Each structure stands twice: as structure tokens, then as C-alpha cells.
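One file, query19.pdb, carrying PDB, C-alpha atoms, pLDDT in the B column:
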```
ATOM      1  CA  MET A   1       3.465  -6.890 -31.283  1.00 39.00           C
ATOM      2  CA  ASN A   2       1.208  -4.507 -29.361  1.00 43.00           C
ATOM      3  CA  ARG A   3       0.257  -6.103 -26.034  1.00 42.00           C
ATOM      4  CA  PHE A   4      -2.167  -3.447 -24.829  1.00 44.00           C
ATOM      5  CA  LEU A   5      -5.406  -4.716 -23.363  1.00 37.00           C
ATOM      6  CA  ALA A   6      -8.301  -4.612 -25.821  1.00 36.00           C
ATOM      7  CA  LEU A   7     -10.795  -2.452 -23.988  1.00 37.00           C
ATOM      8  CA  THR A   8     -14.401  -1.937 -25.041  1.00 34.00           C
ATOM      9  CA  ILE A   9     -16.384   0.858 -23.464  1.00 34.00           C
ATOM     10  CA  VAL A  10     -19.928  -0.498 -23.627  1.00 31.00           C
ATOM     11  CA  SER A  11     -22.012   2.257 -22.040  1.00 34.00           C
ATOM     12  CA  LEU A  12     -20.756   5.162 -19.954  1.00 36.00           C
ATOM     13  CA  ALA A  13     -23.024   6.485 -17.203  1.00 33.00           C
ATOM     14  CA  MET A  14     -23.208  10.270 -16.840  1.00 32.00           C
ATOM     15  CA  PHE A  15     -24.126  12.098 -13.637  1.00 31.00           C
ATOM     16  CA  ALA A  16     -27.601  11.232 -12.379  1.00 29.00           C
ATOM     17  CA  GLY A  17     -28.989  14.772 -12.359  1.00 30.00           C
ATOM     18  CA  ASN A  18     -27.641  18.036 -11.010  1.00 30.00           C
ATOM     19  CA  ALA A  19     -27.631  16.869  -7.400  1.00 29.00           C
ATOM     20  CA  ALA A  20     -25.222  14.060  -8.188  1.00 32.00           C
ATOM     21  CA  GLY A  21     -23.080  16.478 -10.156  1.00 35.00           C
ATOM     22  CA  GLN A  22     -22.674  18.613  -7.037  1.00 34.00           C
ATOM     23  CA  ALA A  23     -22.052  15.714  -4.638  1.00 38.00           C
ATOM     24  CA  ARG A  24     -18.647  14.340  -3.775  1.00 41.00           C
ATOM     25  CA  PHE A  25     -17.700  11.066  -5.385  1.00 41.00           C
ATOM     26  CA  GLY A  26     -16.885   9.297  -2.089  1.00 44.00           C
ATOM     27  CA  ILE A  27     -19.066   6.200  -2.282  1.00 41.00           C
ATOM     28  CA  ASP A  28     -18.336   2.587  -1.424  1.00 46.00           C
ATOM     29  CA  ASN A  29     -18.190   0.891  -4.810  1.00 48.00           C
ATOM     30  CA  SER A  30     -16.597  -2.372  -3.759  1.00 49.00           C
ATOM     31  CA  ASP A  31     -19.278  -4.291  -5.628  1.00 50.00           C
ATOM     32  CA  LEU A  32     -18.153  -2.624  -8.870  1.00 48.00           C
ATOM     33  CA  TYR A  33     -14.546  -3.780  -8.671  1.00 49.00           C
ATOM     34  CA  ASP A  34     -13.270  -6.764 -10.594  1.00 51.00           C
ATOM     35  CA  ILE A  35     -10.108  -8.612  -9.597  1.00 51.00           C
ATOM     36  CA  ALA A  36      -9.489  -9.153 -13.305  1.00 49.00           C
ATOM     37  CA  GLY A  37     -10.734  -5.674 -14.196  1.00 57.00           C
ATOM     38  CA  GLU A  38     -10.056  -4.113 -17.549  1.00 77.00           C
ATOM     39  CA  PHE A  39      -8.498  -0.939 -16.165  1.00 89.00           C
ATOM     40  CA  ALA A  40      -5.651  -0.740 -13.688  1.00 93.00           C
ATOM     41  CA  PHE A  41      -4.301   2.601 -12.516  1.00 96.00           C
ATOM     42  CA  VAL A  42      -0.537   2.635 -13.015  1.00 97.00           C
ATOM     43  CA  ARG A  43       1.535   5.230 -11.159  1.00 98.00           C
ATOM     44  CA  VAL A  44       5.061   5.810 -12.415  1.00 97.00           C
ATOM     45  CA  GLN A  45       8.005   5.635 -10.026  1.00 96.00           C
ATOM     46  CA  TYR A  46      10.901   7.786 -11.238  1.00 94.00           C
ATOM     47  CA  ASP A  47      14.185   9.208  -9.998  1.00 93.00           C
ATOM     48  CA  SER A  48      14.714  12.907  -9.352  1.00 91.00           C
ATOM     49  CA  TYR A  49      18.050  14.702  -9.559  1.00 87.00           C
ATOM     50  CA  TYR A  50      17.883  15.383  -5.823  1.00 85.00           C
ATOM     51  CA  ASP A  51      16.014  12.262  -4.766  1.00 70.00           C
ATOM     52  CA  GLY A  52      15.515  10.531  -1.464  1.00 58.00           C
ATOM     53  CA  GLY A  53      14.418  11.992   1.810  1.00 52.00           C
ATOM     54  CA  TRP A  54      12.129  10.458   4.363  1.00 48.00           C
ATOM     55  CA  TYR A  55       9.136  10.413   1.997  1.00 64.00           C
ATOM     56  CA  GLY A  56      10.841   8.466  -0.800  1.00 74.00           C
ATOM     57  CA  GLY A  57      10.686  11.093  -3.550  1.00 85.00           C
ATOM     58  CA  PRO A  58       8.110  13.341  -5.304  1.00 90.00           C
ATOM     59  CA  TRP A  59       6.656  10.445  -7.320  1.00 94.00           C
ATOM     60  CA  LEU A  60       4.981   9.159  -4.104  1.00 91.00           C
ATOM     61  CA  THR A  61       2.984  12.349  -3.506  1.00 90.00           C
ATOM     62  CA  ASP A  62      -0.692  11.660  -2.624  1.00 90.00           C
ATOM     63  CA  PHE A  63      -0.138   7.882  -2.838  1.00 93.00           C
ATOM     64  CA  PRO A  64      -2.118   5.677  -2.459  1.00 95.00           C
ATOM     65  CA  ALA A  65      -5.223   7.656  -1.479  1.00 94.00           C
ATOM     66  CA  SER A  66      -5.519   9.677  -4.697  1.00 95.00           C
ATOM     67  CA  ASP A  67      -5.091   6.616  -6.930  1.00 97.00           C
ATOM     68  CA  GLU A  68      -7.584   4.544  -4.944  1.00 96.00           C
ATOM     69  CA  ASN A  69     -10.146   7.349  -4.861  1.00 96.00           C
ATOM     70  CA  PHE A  70      -9.814   7.916  -8.601  1.00 97.00           C
ATOM     71  CA  LEU A  71     -10.476   4.219  -9.210  1.00 96.00           C
ATOM     72  CA  ARG A  72     -13.603   4.517  -7.042  1.00 94.00           C
ATOM     73  CA  GLY A  73     -14.709   7.482  -9.132  1.00 95.00           C
ATOM     74  CA  VAL A  74     -14.174   5.615 -12.400  1.00 95.00           C
ATOM     75  CA  ALA A  75     -16.167   2.659 -11.030  1.00 93.00           C
ATOM     76  CA  ARG A  76     -18.978   4.934  -9.829  1.00 93.00           C
ATOM     77  CA  LEU A  77     -19.303   7.223 -12.830  1.00 94.00           C
ATOM     78  CA  THR A  78     -18.591   4.934 -15.778  1.00 93.00           C
ATOM     79  CA  ASN A  79     -19.089   1.322 -16.802  1.00 89.00           C
ATOM     80  CA  VAL A  80     -15.346   0.797 -17.104  1.00 91.00           C
ATOM     81  CA  ARG A  81     -14.476  -2.209 -14.935  1.00 90.00           C
ATOM     82  CA  VAL A  82     -11.578  -1.402 -12.665  1.00 92.00           C
ATOM     83  CA  MET A  83      -9.134  -3.092 -10.331  1.00 90.00           C
ATOM     84  CA  SER A  84      -9.355  -1.655  -6.825  1.00 82.00           C
ATOM     85  CA  GLU A  85      -5.626  -1.335  -6.118  1.00 91.00           C
ATOM     86  CA  PRO A  86      -3.172   0.895  -8.022  1.00 95.00           C
ATOM     87  CA  ILE A  87       0.028  -0.486  -9.545  1.00 96.00           C
ATOM     88  CA  VAL A  88       3.488   1.119  -9.390  1.00 97.00           C
ATOM     89  CA  LEU A  89       5.906   0.641 -12.305  1.00 98.00           C
ATOM     90  CA  ARG A  90       8.974   2.369 -13.724  1.00 97.00           C
ATOM     91  CA  PHE A  91       9.368   3.624 -17.293  1.00 97.00           C
ATOM     92  CA  ASP A  92      11.959   0.936 -18.035  1.00 97.00           C
ATOM     93  CA  ASP A  93       9.676  -1.891 -16.882  1.00 98.00           C
ATOM     94  CA  GLU A  94       8.404  -4.127 -19.696  1.00 97.00           C
ATOM     95  CA  GLU A  95       5.099  -4.434 -17.845  1.00 97.00           C
ATOM     96  CA  ILE A  96       4.055  -0.921 -18.874  1.00 98.00           C
ATOM     97  CA  PHE A  97       3.170  -2.398 -22.268  1.00 97.00           C
ATOM     98  CA  ASP A  98       0.313  -4.271 -20.573  1.00 95.00           C
ATOM     99  CA  TYR A  99      -1.413  -1.027 -19.563  1.00 95.00           C
ATOM    100  CA  PRO A 100      -2.700   1.766 -21.822  1.00 95.00           C
ATOM    101  CA  PHE A 101      -2.647   4.571 -19.224  1.00 97.00           C
ATOM    102  CA  LEU A 102       0.225   5.789 -17.018  1.00 98.00           C
ATOM    103  CA  TYR A 103       0.094   8.532 -14.381  1.00 98.00           C
ATOM    104  CA  ALA A 104       3.008  10.567 -13.028  1.00 96.00           C
ATOM    105  CA  LEU A 105       3.180  13.750 -10.974  1.00 95.00           C
ATOM    106  CA  GLU A 106       5.480  16.325  -9.330  1.00 91.00           C
ATOM    107  CA  MET A 107       8.100  15.882 -12.059  1.00 92.00           C
ATOM    108  CA  GLY A 108       9.388  19.425 -11.626  1.00 87.00           C
ATOM    109  CA  ARG A 109      10.322  18.962  -7.962  1.00 85.00           C
ATOM    110  CA  ASN A 110      13.749  18.080  -6.539  1.00 88.00           C
ATOM    111  CA  GLY A 111      15.557  19.335  -9.611  1.00 88.00           C
ATOM    112  CA  GLY A 112      13.311  17.544 -12.082  1.00 88.00           C
ATOM    113  CA  LEU A 113      13.180  13.928 -13.178  1.00 91.00           C
ATOM    114  CA  SER A 114      16.317  12.006 -14.100  1.00 93.00           C
ATOM    115  CA  LEU A 115      15.727   9.547 -16.961  1.00 94.00           C
ATOM    116  CA  SER A 116      18.139   6.784 -17.919  1.00 95.00           C
ATOM    117  CA  PRO A 117      18.676   5.954 -21.617  1.00 96.00           C
ATOM    118  CA  ARG A 118      16.751   2.709 -21.067  1.00 97.00           C
ATOM    119  CA  GLU A 119      13.800   4.588 -19.583  1.00 97.00           C
ATOM    120  CA  VAL A 120      13.750   7.029 -22.503  1.00 97.00           C
ATOM    121  CA  GLU A 121      13.879   4.200 -25.046  1.00 98.00           C
ATOM    122  CA  ASN A 122      11.202   2.087 -23.361  1.00 98.00           C
ATOM    123  CA  LEU A 123       8.820   4.997 -22.785  1.00 98.00           C
ATOM    124  CA  ARG A 124       9.226   6.221 -26.358  1.00 98.00           C
ATOM    125  CA  GLU A 125       8.342   2.753 -27.670  1.00 98.00           C
ATOM    126  CA  TYR A 126       5.372   2.517 -25.301  1.00 98.00           C
ATOM    127  CA  LEU A 127       3.929   5.831 -26.482  1.00 98.00           C
ATOM    128  CA  LEU A 128       4.449   5.125 -30.180  1.00 98.00           C
ATOM    129  CA  ARG A 129       2.651   1.789 -29.782  1.00 97.00           C
ATOM    130  CA  GLY A 130      -0.447   3.587 -28.525  1.00 97.00           C
ATOM    131  CA  GLY A 131       0.200   4.248 -24.842  1.00 98.00           C
ATOM    132  CA  PHE A 132      -0.839   7.382 -22.961  1.00 98.00           C
ATOM    133  CA  LEU A 133       1.062   9.230 -20.219  1.00 98.00           C
ATOM    134  CA  LEU A 134      -0.671  11.778 -17.985  1.00 98.00           C
ATOM    135  CA  ILE A 135       1.642  14.134 -16.072  1.00 96.00           C
ATOM    136  CA  ASP A 136       0.055  16.088 -13.228  1.00 94.00           C
ATOM    137  CA  ASP A 137       0.837  18.611 -10.505  1.00 86.00           C
ATOM    138  CA  PHE A 138       3.745  20.883 -11.194  1.00 81.00           C
ATOM    139  CA  TRP A 139       3.721  24.650 -11.026  1.00 78.00           C
ATOM    140  CA  GLY A 140       5.456  27.623 -12.552  1.00 77.00           C
ATOM    141  CA  GLU A 141       8.317  28.176 -14.960  1.00 84.00           C
ATOM    142  CA  ARG A 142      11.051  26.931 -12.641  1.00 87.00           C
ATOM    143  CA  GLN A 143       9.473  23.500 -12.187  1.00 86.00           C
ATOM    144  CA  TRP A 144       8.635  23.358 -15.901  1.00 88.00           C
ATOM    145  CA  ASP A 145      12.263  23.986 -16.869  1.00 91.00           C
ATOM    146  CA  ALA A 146      13.522  21.361 -14.402  1.00 89.00           C
ATOM    147  CA  PHE A 147      11.018  18.821 -15.770  1.00 89.00           C
ATOM    148  CA  TYR A 148      11.683  19.579 -19.412  1.00 91.00           C
ATOM    149  CA  ARG A 149      15.466  19.268 -19.247  1.00 91.00           C
ATOM    150  CA  ASP A 150      15.328  15.453 -19.293  1.00 91.00           C
ATOM    151  CA  PHE A 151      11.829  14.965 -20.684  1.00 92.00           C
ATOM    152  CA  SER A 152      12.739  16.738 -23.918  1.00 94.00           C
ATOM    153  CA  LEU A 153      15.073  13.796 -24.680  1.00 95.00           C
ATOM    154  CA  LEU A 154      12.016  11.624 -25.255  1.00 96.00           C
ATOM    155  CA  PHE A 155      10.951  13.172 -28.581  1.00 97.00           C
ATOM    156  CA  PRO A 156      13.460  15.886 -29.500  1.00 95.00           C
ATOM    157  CA  ASP A 157      11.861  16.145 -32.948  1.00 95.00           C
ATOM    158  CA  ARG A 158       8.303  16.702 -31.687  1.00 96.00           C
ATOM    159  CA  GLU A 159       6.849  19.933 -30.330  1.00 93.00           C
ATOM    160  CA  LEU A 160       4.994  20.313 -27.096  1.00 94.00           C
ATOM    161  CA  VAL A 161       1.728  21.920 -28.178  1.00 96.00           C
ATOM    162  CA  GLU A 162      -0.823  23.667 -25.995  1.00 95.00           C
ATOM    163  CA  LEU A 163      -4.266  22.094 -26.321  1.00 97.00           C
ATOM    164  CA  PRO A 164      -7.079  24.557 -27.078  1.00 96.00           C
ATOM    165  CA  PRO A 165     -10.237  24.495 -24.908  1.00 95.00           C
ATOM    166  CA  ASN A 166     -12.216  22.953 -27.803  1.00 96.00           C
ATOM    167  CA  HIS A 167      -9.912  19.926 -28.163  1.00 97.00           C
ATOM    168  CA  GLU A 168     -11.839  16.647 -28.220  1.00 97.00           C
ATOM    169  CA  ILE A 169     -10.137  15.435 -25.019  1.00 97.00           C
ATOM    170  CA  PHE A 170     -12.363  17.874 -23.122  1.00 97.00           C
ATOM    171  CA  ARG A 171     -15.491  16.328 -24.700  1.00 96.00           C
ATOM    172  CA  THR A 172     -14.806  12.577 -24.585  1.00 96.00           C
ATOM    173  CA  PHE A 173     -17.108  11.995 -21.594  1.00 96.00           C
ATOM    174  CA  PHE A 174     -17.874  15.178 -19.692  1.00 97.00           C
ATOM    175  CA  ASP A 175     -18.204  18.506 -21.501  1.00 97.00           C
ATOM    176  CA  ILE A 176     -15.476  20.634 -19.910  1.00 96.00           C
ATOM    177  CA  ASP A 177     -14.474  24.180 -20.802  1.00 94.00           C
ATOM    178  CA  GLY A 178     -10.826  23.358 -21.349  1.00 94.00           C
ATOM    179  CA  PRO A 179      -8.107  23.049 -18.681  1.00 93.00           C
ATOM    180  CA  GLN A 180      -9.102  23.658 -15.057  1.00 91.00           C
ATOM    181  CA  MET A 181      -6.945  25.087 -12.278  1.00 88.00           C
ATOM    182  CA  ILE A 182      -7.359  22.649  -9.370  1.00 89.00           C
ATOM    183  CA  PRO A 183      -5.497  23.877  -6.273  1.00 86.00           C
ATOM    184  CA  GLY A 184      -3.637  21.670  -3.854  1.00 76.00           C
ATOM    185  CA  ARG A 185      -4.947  21.103  -0.331  1.00 71.00           C
ATOM    186  CA  GLY A 186      -2.759  23.883   1.052  1.00 63.00           C
ATOM    187  CA  GLY A 187      -3.657  26.474  -1.589  1.00 56.00           C
ATOM    188  CA  ARG A 188      -6.148  29.287  -1.240  1.00 52.00           C
ATOM    189  CA  GLN A 189      -9.495  28.768  -2.900  1.00 60.00           C
ATOM    190  CA  GLY A 190      -9.230  29.955  -6.477  1.00 54.00           C
ATOM    191  CA  PHE A 191      -5.422  29.935  -6.482  1.00 53.00           C
ATOM    192  CA  GLY A 192      -2.749  27.285  -6.790  1.00 53.00           C
ATOM    193  CA  GLN A 193       0.871  27.418  -5.748  1.00 57.00           C
ATOM    194  CA  ALA A 194       2.645  30.784  -5.958  1.00 61.00           C
ATOM    195  CA  GLY A 195      -0.683  32.543  -6.543  1.00 55.00           C
ATOM    196  CA  ILE A 196      -1.208  30.889  -9.949  1.00 59.00           C
ATOM    197  CA  ASP A 197      -4.859  30.889 -11.036  1.00 71.00           C
ATOM    198  CA  VAL A 198      -4.684  29.712 -14.681  1.00 78.00           C
ATOM    199  CA  ALA A 199      -3.967  26.160 -15.838  1.00 84.00           C
ATOM    200  CA  SER A 200      -2.976  24.859 -19.254  1.00 88.00           C
ATOM    201  CA  ASN A 201      -2.699  21.476 -20.932  1.00 94.00           C
ATOM    202  CA  HIS A 202       0.261  20.663 -23.175  1.00 95.00           C
ATOM    203  CA  ALA A 203       0.685  17.577 -25.300  1.00 97.00           C
ATOM    204  CA  ILE A 204       3.020  15.557 -27.477  1.00 97.00           C
ATOM    205  CA  LEU A 205       1.142  14.181 -30.484  1.00 98.00           C
ATOM    206  CA  ASP A 206       1.875  11.193 -32.681  1.00 97.00           C
ATOM    207  CA  ASP A 207       1.928  11.324 -36.481  1.00 97.00           C
ATOM    208  CA  HIS A 208      -1.875  11.016 -36.581  1.00 96.00           C
ATOM    209  CA  GLY A 209      -2.583  13.768 -34.082  1.00 97.00           C
ATOM    210  CA  ARG A 210      -3.274  11.439 -31.135  1.00 98.00           C
ATOM    211  CA  VAL A 211      -2.257  12.766 -27.722  1.00 98.00           C
ATOM    212  CA  MET A 212       0.529  10.508 -26.445  1.00 98.00           C
ATOM    213  CA  VAL A 213       1.601  12.656 -23.489  1.00 98.00           C
ATOM    214  CA  LEU A 214      -0.669  15.109 -21.682  1.00 97.00           C
ATOM    215  CA  ILE A 215       0.888  17.577 -19.260  1.00 93.00           C
ATOM    216  CA  ASN A 216      -1.457  19.117 -16.704  1.00 92.00           C
ATOM    217  CA  TRP A 217       0.456  22.303 -15.841  1.00 87.00           C
ATOM    218  CA  ASN A 218      -0.463  24.586 -12.932  1.00 87.00           C
ATOM    219  CA  SER A 219      -3.154  22.235 -11.684  1.00 87.00           C
ATOM    220  CA  ASP A 220      -3.300  19.395  -9.158  1.00 90.00           C
ATOM    221  CA  MET A 221      -5.832  16.683  -9.963  1.00 93.00           C
ATOM    222  CA  GLY A 222      -4.097  14.347  -7.519  1.00 93.00           C
ATOM    223  CA  ASP A 223      -5.061  16.539  -4.554  1.00 92.00           C
ATOM    224  CA  GLY A 224      -8.612  16.746  -5.891  1.00 93.00           C
ATOM    225  CA  TRP A 225      -8.785  12.938  -5.789  1.00 95.00           C
ATOM    226  CA  GLU A 226      -6.891  12.543  -2.517  1.00 94.00           C
ATOM    227  CA  HIS A 227      -9.075  14.999  -0.615  1.00 92.00           C
ATOM    228  CA  THR A 228     -12.427  13.683  -1.815  1.00 90.00           C
ATOM    229  CA  TYR A 229     -13.469  13.110   1.811  1.00 90.00           C
ATOM    230  CA  ASP A 230     -11.883  16.262   3.262  1.00 89.00           C
ATOM    231  CA  GLN A 231     -14.578  18.660   4.455  1.00 87.00           C
ATOM    232  CA  TRP A 232     -12.172  21.594   4.074  1.00 85.00           C
ATOM    233  CA  TYR A 233     -11.382  20.890   0.430  1.00 88.00           C
ATOM    234  CA  PRO A 234     -13.911  22.583  -1.909  1.00 87.00           C
ATOM    235  CA  THR A 235     -16.263  20.126  -3.596  1.00 90.00           C
ATOM    236  CA  ARG A 236     -16.108  21.901  -6.938  1.00 90.00           C
ATOM    237  CA  TYR A 237     -12.383  21.228  -7.238  1.00 91.00           C
ATOM    238  CA  ALA A 238     -12.758  17.567  -6.297  1.00 93.00           C
ATOM    239  CA  ASN A 239     -15.498  17.200  -8.919  1.00 95.00           C
ATOM    240  CA  ALA A 240     -13.401  18.948 -11.568  1.00 94.00           C
ATOM    241  CA  ALA A 241     -10.484  16.616 -10.814  1.00 95.00           C
ATOM    242  CA  TYR A 242     -12.619  13.529 -11.453  1.00 97.00           C
ATOM    243  CA  GLN A 243     -14.182  14.955 -14.592  1.00 97.00           C
ATOM    244  CA  LEU A 244     -10.813  15.824 -16.107  1.00 96.00           C
ATOM    245  CA  GLY A 245      -9.229  12.530 -15.069  1.00 97.00           C
ATOM    246  CA  ILE A 246     -12.083  10.479 -16.498  1.00 97.00           C
ATOM    247  CA  ASN A 247     -11.988  12.425 -19.763  1.00 97.00           C
ATOM    248  CA  TYR A 248      -8.262  11.741 -20.098  1.00 97.00           C
ATOM    249  CA  LEU A 249      -8.800   8.069 -19.269  1.00 97.00           C
ATOM    250  CA  ILE A 250     -11.640   7.583 -21.765  1.00 96.00           C
ATOM    251  CA  TYR A 251      -9.578   9.351 -24.431  1.00 97.00           C
ATOM    252  CA  SER A 252      -6.660   7.010 -23.765  1.00 96.00           C
ATOM    253  CA  LEU A 253      -8.896   3.936 -24.039  1.00 93.00           C
ATOM    254  CA  THR A 254     -10.562   5.021 -27.268  1.00 93.00           C
ATOM    255  CA  HIS A 255      -7.659   6.499 -29.261  1.00 92.00           C
TER
END
```

Re-express the file's structure as C-alpha cells.
Amino acid sequence: MNRFLALTIVSLAMFAGNAAGQARFGIDNSDLYDIAGEFAFVRVQYDSYYDGGWYGGPWLTDFPASDENFLRGVARLTNVRVMSEPIVLRFDDEEIFDYPFLYALEMGRNGGLSLSPREVENLREYLLRGGFLLIDDFWGERQWDAFYRDFSLLFPDRELVELPPNHEIFRTFFDIDGPQMIPGRGGRQGFGQAGIDVASNHAILDDHGRVMVLINWNSDMGDGWEHTYDQWYPTRYANAAYQLGINYLIYSLTH
């Protein structure tokens, strides 16, 4: 039986004029949180082939600031009720079936992710039941190949397709001209890691054409969320990160 939360999007508030569209999203929205909120941000903890180190592994990148700031943005810009604190789960945790949206990042680092058979089986079941996985922040062919080595075990019979700029996921809430290259905090304005300046979105679809997995390649939404309050991080990239993230979220809740 599908245990996903039944979520109803009643009315979604757009930007209040051009000025709000240009402003950062850093606002105290504590009054908008709900301890029993309908949406909880779930970050995935995973193992890498070369894991460990003082920071705990690539899955912890930007945590918890990016997750908390994204929840503030969702509360501010939509009428989706949210919980104020992010949740951390693994792919083999049965609790993932309680949440329709999972977020993971940096899966091409440290040799790529290392999935156990149980994680592959549980994640596959989660996605086929209607779940949505957003993968963010990895760059270039080398990281892609490291990521895909294990991830391809998930659906060996399904293609990874590149989403065109006119795909509905870019129109579910904000009208966005396709994928956006959002640089990390350390990147030059207009360029991401290794001088990359073009992003793409790739997806695994179910039998009905629904996006089950969305891969945000050559772009770093997490840094856009994390550095919302950083005066040295360009506002336009922070705004783009929230717009994309909210579009992906609304798509996951309505498909």
C-alpha cells in the first residue's frame, strides 16, 4: 500500500511584483511553519567508495543551512505548509515511503556513491510507488561516470533522458527557461566548476512519463540556498536556485 502523504496544494503565491522577484528570499517565516507540516525536506545519507574524512562524506555538503533556507523559501513563496527542520534518511530506510520528495547531492565525489543491494531495491520500490528523487551538484564527465557506475543498477532497463527546456517541470510554478547553471560559492560569476557554463537536467521516467529521478548536472542549487544571506553570492543565482527547487517540489507533489 502506498503510504505517501496526501498533499493538496490549495493556492500557490507567486512573487509580489518585480521588486520581490529581485530580492533575496532570506525572511523570518517562523510563523509559517507547522510542527505537523505537510512537507518535510529529506536529505539522503549515502556511502561513497572513498568515504569518511573529517567532514563525514559528500552527502553532508551544505547541510543544514541549505535545507533550512530552502524550507524558508517554500514557506515564503508558496502556501505549502512545511516543517522547519530537515530530515536525514538512507535509501534503505523504510521511512522514505512516508515522504514524496528526496534530495541528494555530490554523488560524483569520492569515487561516486556505493549502493547496497538493499538500497537499490528499496529506492526502486519507492520511485515506482510515486516517489521523487532530486540529485544536485555534480560537475563534468568524470563525476558523472563515477556517479552512474552504481546508479545505473537502479533501472538498468530505463534510459536517462535529457529534459528539453519546454518540459512541464519548468512551468509547474515559475516559468523558467529550462535548466540553469547555478555556480557554487567558490566559482566565478557565470561559470561553475572547471569553467563549465551550461547546465542540463536528466531524468528517469516511469511507464507514464512521470519524472521519478531528476539529475541537476553542472549546477549547484544547494549553494544557491546555502548562501542566501551571503553578500558576495550573486542574488540572481540564489533566486534561480529557489525557483528551480520549488518547481521540482511542486512537480513531485502533483504528479

On this structure, the PyMOL selection byres ((chain A and resi 87) around 6) would catch which residues? List them as an MDAnalysis selection string, sorted by chain and number. chainID A and resid 42 86 88

Scan for residues within 8 Å of the point (-5.4, 14.3, -20.5) in the coordinates of the file, using all atoms listed in the file, and reply as a count of residues only. 13

Please list as a list in words every residue within 10 Å of Glu168 (chain A), counting all atoms listed in the file and excluding residues in the same chain fewer than 5 positions away.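 In the requested format, the answer is Leu163, Phe173, Asp175, Ile176, Gly178, Asn247 and Tyr251 of chain A.
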
If I take CA of Thr228 (chain A) and CA of Pro165 (chain A), how far is one from the other in Å, to one decimal? 25.6 Å

Suppose you want the space between CA of Arg158 (chain A) and CA of Asp207 (chain A); what is it in Å?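 Atom-to-atom, CA of Arg158 (chain A) and CA of Asp207 (chain A) are spaced 9.6 Å apart.
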
Report the distance between CA of Glu226 (chain A) and CA of Pro100 (chain A) in Å, rounded to one decimal place.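 Straight-line distance from CA of Glu226 (chain A) to CA of Pro100 (chain A) works out to 22.5 Å.
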
Measuring atom to atom with all atoms listed in the file, identify which of A:Trp232, A:Phe138, A:Tyr148, A:Tyr99 is nearest to Trp59 (chain A).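 With all atoms listed in the file as the atom set, the closest residue is A:Phe138.
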
With distances taken over all atoms listed in the file, the candidate from A:Tyr233, A:Phe101, A:Phe132, A:Trp225 nearest Arg185 (chain A) is A:Tyr233

I want to know what sits within 7 Å of Gly108 (chain A), based on only C-alpha atoms, with residues of the same chain fewer than 6 positions away left out; could you give that as a PDB file with C-alpha atoms, keeping the file's coordinate frame?
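What follows is the written file selection.pdb:
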```pdb
ATOM      1  CA  PHE A 138       3.745  20.883 -11.194  1.00 81.00           C
ATOM      2  CA  GLN A 143       9.473  23.500 -12.187  1.00 86.00           C
ATOM      3  CA  TRP A 144       8.635  23.358 -15.901  1.00 88.00           C
ATOM      4  CA  ALA A 146      13.522  21.361 -14.402  1.00 89.00           C
ATOM      5  CA  PHE A 147      11.018  18.821 -15.770  1.00 89.00           C
TER       6      PHE A 147
END
```

Give me the residues within 10 Å of Ser48 (chain A) as number ranges by chain, counting only C-alpha atoms and dropping any in the same chain fewer than 2 places off. A: 45-46, 50-52, 57-59, 106-115, 146-147

Using only C-alpha atoms and a cutoff of 12 Å, can you tell me which residues are near (9.2, 4.2, -27.7) in the file's coordinates, and write them out as a PyMOL selection string? chain A and resi 2+91-92+94+96-97+117-132+153-155+206+212

Exactly which residues make up the result of the PyMOL selection byres ((chain A and resi 222) around 10) on this file, given as JSON, numbers by chain? {"A": [61, 62, 63, 65, 66, 67, 69, 70, 103, 104, 105, 106, 136, 137, 182, 183, 184, 185, 219, 220, 221, 223, 224, 225, 226, 227, 238, 241, 242, 245]}

Which residue is closest to Phe174 (chain A)? Choose from A:Ile250, A:Met83, A:Leu89, A:Leu60 and count all atoms listed in the file.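 Going through A:Ile250, A:Met83, A:Leu89, A:Leu60 one by one, the smallest distance to Phe174 (chain A) is for A:Ile250.
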
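Taking only C-alpha atoms into account, Leu77 (chain A) lies nearest to A:Asn239 out of the set A:Gln180, A:Ser252, A:Asn239, A:Asn218.
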
Which residue gives the smallest distance to His167 (chain A) among A:Arg149, A:Met181, A:Gly209, A:Val82, with only C-alpha atoms counted? A:Gly209
